[in-house]
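**Q** This is the structure I have questions about; it appears just below.
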Amino acid sequence: MMSGKYSKSFYIGALCVFLCVFIFTAPLCFSQTKEEAKAFKKLENAERIIDSRTDSPPAAIAQAYLDRAEALLALGRETEATSGYLAIIMNYPEAEYPELTEFNKKAEEGLANLYSGFSERSNQPVDQYRVMEGQKDPTIFFAYIKSLYENYRNLGRYEKSLHLLRKLYNIDPENQSYLIDMGNIYLHGLDDPDKAMLYFRKVIEMSPEHSSAYVDLGMAYEKKEDYENAIKSYEKALEISPVSQWSMYGLKRMEGIKYTTERRLVKDWYFLGPFDNSDRRGLEKVFPPEEGIDLGATYTGKSKKQIKWSRPYSYDDSGFVDLNMLFDQNDYAIAYALTYVYSSRDREAQFRLGSDDGIKVWLNDDLIFDYEATRSAGVDDDAIDVDLKKGWNKVLVKISESWGSWGFYFRVTDPAGNPLDFMIFDPVKDDARVKRIYKKFVREKGFRITRMAMAYTLAASAFLLSLYFMISNIASKIKINRMKEDFISSVSHELKTPIAAVKMLSETLKRGKVTGDANKDHYYDMIIRETERLTRFINKILDFSKLEKGGKIFYFEKTDMVDVAKEAIGIFKDEAQDENLKISVSAEKPQIFAEADKDAIMQVILNLIDNAYKYSKEKKDITVSVKQARENTLIEIMDSGVGIPKEEIEKIFDKFYRITKDVMAGTKGSGLGLAFVKDIIQSHNGKIAVESELGKGSKFIISLPAERV
């Protein structure tokens with residue numbers, strides 16, 4: 001017995017186990033320590049060579065970076081190893097150091113072992129890459145590389161940026177954003193629109209529906225003053241994506257081209273710059289031009305360069321002022337533009353402008369506008385109310401730049417945005433030129449008055465001769481004009497309402513006034529709902545236009561009308577968000593089919609439900625029924641609204657027609673909805689009928705063939 005103590009045999013067994021474990025693990029421990037020591041030694045030697053790079057040839061330094069990366073990998077410090085491989089790729093590009101191609105290859109292969117998306121080149125052409133399996137998540141690495149290239153770009157080191165972008169593109173050739181970025185560096189940074197076009201066209205070749213690439217291509221054409229092709233590019237972007245922010249920007253650029261061809265933009269200024277803005281506080285600093293204009297003075301600009309006022313444009317030039325074409329190496333810069341505007345009298349006016357970056361404007365030495373944010377310049381982004389005095393008015397503009405392209409639009413209008421008569425811009429305040437222009441203006445005005453008098457006389461004679469023929473048709477024409485005015489007013493309302501809602505909801509979110517994830521999600525849902533509503537309305541107008549031209553294509557298939565009706569009701573409920581709305585669907589059978597285009601019939605039902613809702617006043621009780629009638633499928637939309645006068649039932653499907661009954665007053669509508677519905681139903685070889693009584697509601701009955709003949 002053990003008597004509370006372990007036996008001698010137990011201690012002997014434990015000692016044997018310990019010795020076995022020690023014998024088998026000790027070599028591993030010593031081996032690991034030895035390998036770590038070897039890696040540390042290799043790392044120390046590599047860093048010594050890197051630190052003394054001025055005394056070592058490029059091949060030795062590249063080898064040191066490679067050794068450093070391998071040593072760090074051996075020590076498990078993978079993120080630091082990445083920087084070693086990157087140092088070779090960044091500092092010794094193959095184009096400049098062909099003798100170091102092998103090091104570049106090894107660096108890329110090393111990265112391939114760390115990150116997916118990279119691949120090795122073994123037994124493949126240089127531009128072909130193979131993704132390796134079992135690699136690490138590349139997200140952080142790609143973000144790091146992209147931040148590097150953006151940093152180089154912002155510092156004006158465009159060749160470095162392009163080198164990194166090309167590497168990223170070779171690694172991920174499906175990512176078109178790298179091509180777009182390369183094009184923009186050539187366009188805005190290196191002022192080379194021809195090379196920029198090559199990249200934008202390559203994106204379009206890869207993805208013909210890439211609307212932003214067409215807008216970038218349009219800006220490259222603009223820089224070459226090829227306005228015809230610029231407009232074609234912007235129009236193509238609008239055709240592809242009518243409501244995208246890029247297409248809307250292209251639309252504003254087209255407006256700028258229009259004003260350029262009409263010579264309504266001021267381009268003839270004196271310019272001074274660039275001054276340094278590396279701390280991005282240039283708009284806040286006071287430079288000598290703000291204290292007083294001296295066109296003969298010399299100033300110390302960026303990079304200690306001596307600069308003077310210059311006048312590169314003439315009286316005949318008009319358009320966007322592209323400062324990137326006036327100043328070299330202008331990243332993080334400030335520049336000035338000076339001109340004078342002559343007014344024949346004291347008057348109220350507006351300065352209308354748009355800028356790529358922060359901008360300040362002075363009128364007669366008074367600061368009248370101060371905008372610091374960066375944006376893409378669009379004509380008339382800002383409208384500033386000003387009071388012009390009779391005679392010369394001094395206008396000084398100060399604009400800042402972050403990277404690449406910078407510039408501004410500038411024009412003067414009356415408070416309503418219309419061109420002003422006898423408004424002269426002249427940087428040198430040439431009074432003799434003003435007198436010549438004024439005499440010509442008075443002479444042309446006299447001729448214009450004479451021509452107008454003759455035209456009015458002829459018009460009055462023609463009017464009297466044709467009065468008899470006009471009287472018989474005047475009532476119908478007035479009615480048509482009224483319908484068109486109602487249509488324009490309604491379309492404006494339909495567009496403005498969701499846009500205003502999205503703007504209000506977005507601004508509320510931006511200001512941080514919505515707290516809690518649930519409340520934020522509710523706001524996001526409302527933004528999405530209003531956007532979908534706006535898209536449906538625009539699509540309705542576009543589809544109607546296509547229908548009228550015979551260009552709408554339908555895709556007929558066996559479609560469950562019960563399912564379509566239920567889906568339409570769900571969409572409308574989500575959009576209406578009205579607790580007073582009572583809407584239901586009934587069907588004779590769970591499934592009732594018709595040969596139809598599902599999306600088109602969905603839009604028909606939504607239009608009819610929307611009409612029923614708008615004209616139901618307080619009692620919003622709507623029923624959608626689906627029935628089978630021999631070889632046809634019937635869809636009925638019933639409401640308990642105001643009803644339709646019998647004498648107008650036949651007219652309600654006419655384009656732009658709206659019921660004239662007083663009870664309809666105040667209800668918005670385009671007059672296209674029912675005409676659109678009728679055209680779609682007829683395109684399906686179907687029929688639509690109406691039963692209605694004033695004060696008791698209406699029932700619209702759609703009949704569609706169950707099978708298409």
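Following the order of the structure tokens, first chain is A, next is B, and so on, with residues numbered from 1 inside each chain and ligands from 1 in the order they appear.
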Give me the residues near Glu47 in chain A as an NGL selection string, where near means some atom within 10 Å (using only C-alpha atoms) and where sequence neighbours in that chain fewer than 5 positions away do not count.
**A** :A and (42 or 52-53 or 61 or 64-65 or 67-68)
**Q** Could you pull the residues within 6 Å of Lys398 in chain A, counting only C-alpha atoms, minus those fewer than 4 positions along the same chain, as a ChimeraX atom specification?
**A** /A:335-336,359-360
**Q** Could those residues be written to a file, using C-alpha atoms, as an mmCIF file, in the first residue's frame?
**A**
data_model
loop_
_atom_site.group_PDB
_atom_site.id
_atom_site.type_symbol
_atom_site.label_atom_id
_atom_site.label_comp_id
_atom_site.auth_asym_id
_atom_site.auth_seq_id
_atom_site.Cartn_x
_atom_site.Cartn_y
_atom_site.Cartn_z
ATOM 1 C CA ALA A 335 -4.455 81.847 -58.933
ATOM 2 C CA TYR A 336 -6.210 85.142 -59.693
ATOM 3 C CA ILE A 359 -13.438 80.240 -55.259
ATOM 4 C CA LYS A 360 -13.773 83.829 -54.022
#
**Q** So, with only C-alpha atoms as the atoms that count, which of A:Ala59, A:Ile499, A:Ile528, A:Ala600 lies closest to Glu99 in chain A?
**A**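 Selected residue with least distance to Glu99 in chain A: A:Ala59.
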**Q** Residues of range 200-366 of chain A in alpha helix (DSSP H) according to DSSP, as a PyMOL selection string?
**A** chain A and resi 200-206+211-223+227-240+245-261+288-291
**Q** Set the distance at 10 Å and use only C-alpha atoms: which residues neighbour Arg280 in chain A once local chain neighbours fewer than 6 positions away are removed? I'd like the list as number ranges by chain.
**A** A: 332-334, 358, 372, 400-402
**Q** For N, CA and C atoms, I'd like the residues from the last selection saved as a compact mmCIF listing (two decimals), in the first residue's frame.
**A**
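Saved the output as out12.txt:
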# COMPACT_ATOMS: atom_id res chain seq x y z
N TYR A 332 -1.98 71.95 -55.78
CA TYR A 332 -2.11 72.73 -54.54
C TYR A 332 -1.68 74.17 -54.78
N ALA A 333 -2.45 74.84 -55.62
CA ALA A 333 -2.09 76.20 -56.03
C ALA A 333 -3.27 77.14 -55.86
N ILE A 334 -2.97 78.45 -55.97
CA ILE A 334 -3.95 79.53 -55.96
C ILE A 334 -3.64 80.43 -57.15
N GLY A 358 -12.38 75.57 -54.61
CA GLY A 358 -12.78 76.75 -53.87
C GLY A 358 -12.60 78.03 -54.66
N GLU A 372 -15.62 77.25 -50.53
CA GLU A 372 -14.36 76.56 -50.28
C GLU A 372 -14.34 75.10 -50.70
N SER A 400 -8.80 78.19 -55.99
CA SER A 400 -7.81 77.24 -55.46
C SER A 400 -7.90 75.93 -56.22
N GLU A 401 -6.87 75.08 -56.01
CA GLU A 401 -6.80 73.82 -56.74
C GLU A 401 -6.26 72.72 -55.83
N SER A 402 -6.85 71.53 -55.92
CA SER A 402 -6.40 70.39 -55.14
C SER A 402 -5.46 69.51 -55.96
**Q** Using only C-alpha atoms for the distances, tell me which of A:Ile652, A:Leu111, A:Leu674, A:Ile50 is nearest to Glu70 in chain A.
**A** A:Leu111
**Q** Which one is closest to Ile637 in chain A: A:Leu581, A:Ala565, A:Ala71, A:Val341? Count only C-alpha atoms.
**A**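 Result for the nearest residue to Ile637 in chain A: A:Ala565.
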**Q** Take CA of Pro57 in chain A and CA of Glu102 in chain A and report the distance between them in Å, one decimal.
**A**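 So the answer is 15.6 Å.
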**Q** List the neighbours of range 174-183 of chain A out to 12 Å using only C-alpha atoms; skip same-chain residues closer than 4 positions along the sequence, and give me the result as number ranges by chain.
**A** A: 117, 142, 145-146, 149-150, 153, 158-170, 187-208, 210-217, 219-220, 404
**Q** Given only C-alpha atoms, how would the per-residue table for range 181-256 of chain A near range 374-387 of chain A read, listing every residue at most 10 Å away with its closest atom pair and distance in Å to one decimal, sorted by chain and number, as a tab-separated table?
**A**
residue	atom	partner	partner_atom	distance
A:Met248	CA	A:Gly378	CA	9.8
A:Tyr249	CA	A:Gly378	CA	6.9
A:Gly250	CA	A:Gly378	CA	8.8
A:Leu251	CA	A:Gly378	CA	9.0
A:Lys252	CA	A:Gly378	CA	5.5
A:Arg253	CA	A:Gly378	CA	6.2
A:Met254	CA	A:Val379	CA	9.1
A:Glu255	CA	A:Val379	CA	6.9
A:Gly256	CA	A:Val379	CA	5.5
**Q** What would the file look like if the residues just selected were written as an mmCIF file, in the first residue's frame with N, CA and C atoms?
**A**
data_model
loop_
_atom_site.group_PDB
_atom_site.id
_atom_site.type_symbol
_atom_site.label_atom_id
_atom_site.label_comp_id
_atom_site.auth_asym_id
_atom_site.auth_seq_id
_atom_site.Cartn_x
_atom_site.Cartn_y
_atom_site.Cartn_z
ATOM 1 N N MET A 248 -26.074 63.891 -65.654
ATOM 2 C CA MET A 248 -26.531 65.249 -65.330
ATOM 3 C C MET A 248 -25.374 66.250 -65.433
ATOM 4 N N TYR A 249 -24.157 65.797 -65.039
ATOM 5 C CA TYR A 249 -22.993 66.674 -65.168
ATOM 6 C C TYR A 249 -22.675 66.925 -66.636
ATOM 7 N N GLY A 250 -22.761 65.866 -67.460
ATOM 8 C CA GLY A 250 -22.562 66.031 -68.892
ATOM 9 C C GLY A 250 -23.559 67.008 -69.491
ATOM 10 N N LEU A 251 -24.794 66.987 -68.974
ATOM 11 C CA LEU A 251 -25.824 67.921 -69.447
ATOM 12 C C LEU A 251 -25.414 69.358 -69.138
ATOM 13 N N LYS A 252 -24.830 69.573 -67.940
ATOM 14 C CA LYS A 252 -24.374 70.921 -67.589
ATOM 15 C C LYS A 252 -23.193 71.345 -68.459
ATOM 16 N N ARG A 253 -22.320 70.382 -68.800
ATOM 17 C CA ARG A 253 -21.211 70.729 -69.686
ATOM 18 C C ARG A 253 -21.729 71.124 -71.078
ATOM 19 N N MET A 254 -22.773 70.452 -71.531
ATOM 20 C CA MET A 254 -23.375 70.810 -72.822
ATOM 21 C C MET A 254 -23.949 72.221 -72.775
ATOM 22 N N GLU A 255 -24.522 72.569 -71.618
ATOM 23 C CA GLU A 255 -25.038 73.931 -71.461
ATOM 24 C C GLU A 255 -23.897 74.939 -71.554
ATOM 25 N N GLY A 256 -22.746 74.583 -70.987
ATOM 26 C CA GLY A 256 -21.580 75.456 -71.086
ATOM 27 C C GLY A 256 -21.110 75.613 -72.521
#
**Q** Show which residues sit within 7 Å of Ile702 in chain A, as a list in words. Count only C-alpha atoms, and ignore same-chain residues fewer than 2 positions away.
**A**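 Residues meeting the cut-off are Leu634, Ile635, Glu636, Lys687, Ile688, Ala689, Phe700 and Leu704 of chain A.
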**Q** Counting only C-alpha atoms, which of A:Lys394, A:Lys598, A:Arg411, A:Lys510 gets nearest to Gly354 in chain A?
**A**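 Residue with the minimum atom-to-atom distance to Gly354 in chain A: A:Arg411.
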**Q** Of the residues A:Ser405, A:Asn393, A:Thr82, A:Gln628, which is the one nearest to Asp365 in chain A, using only C-alpha atoms?
**A**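 Closest candidate: A:Asn393.
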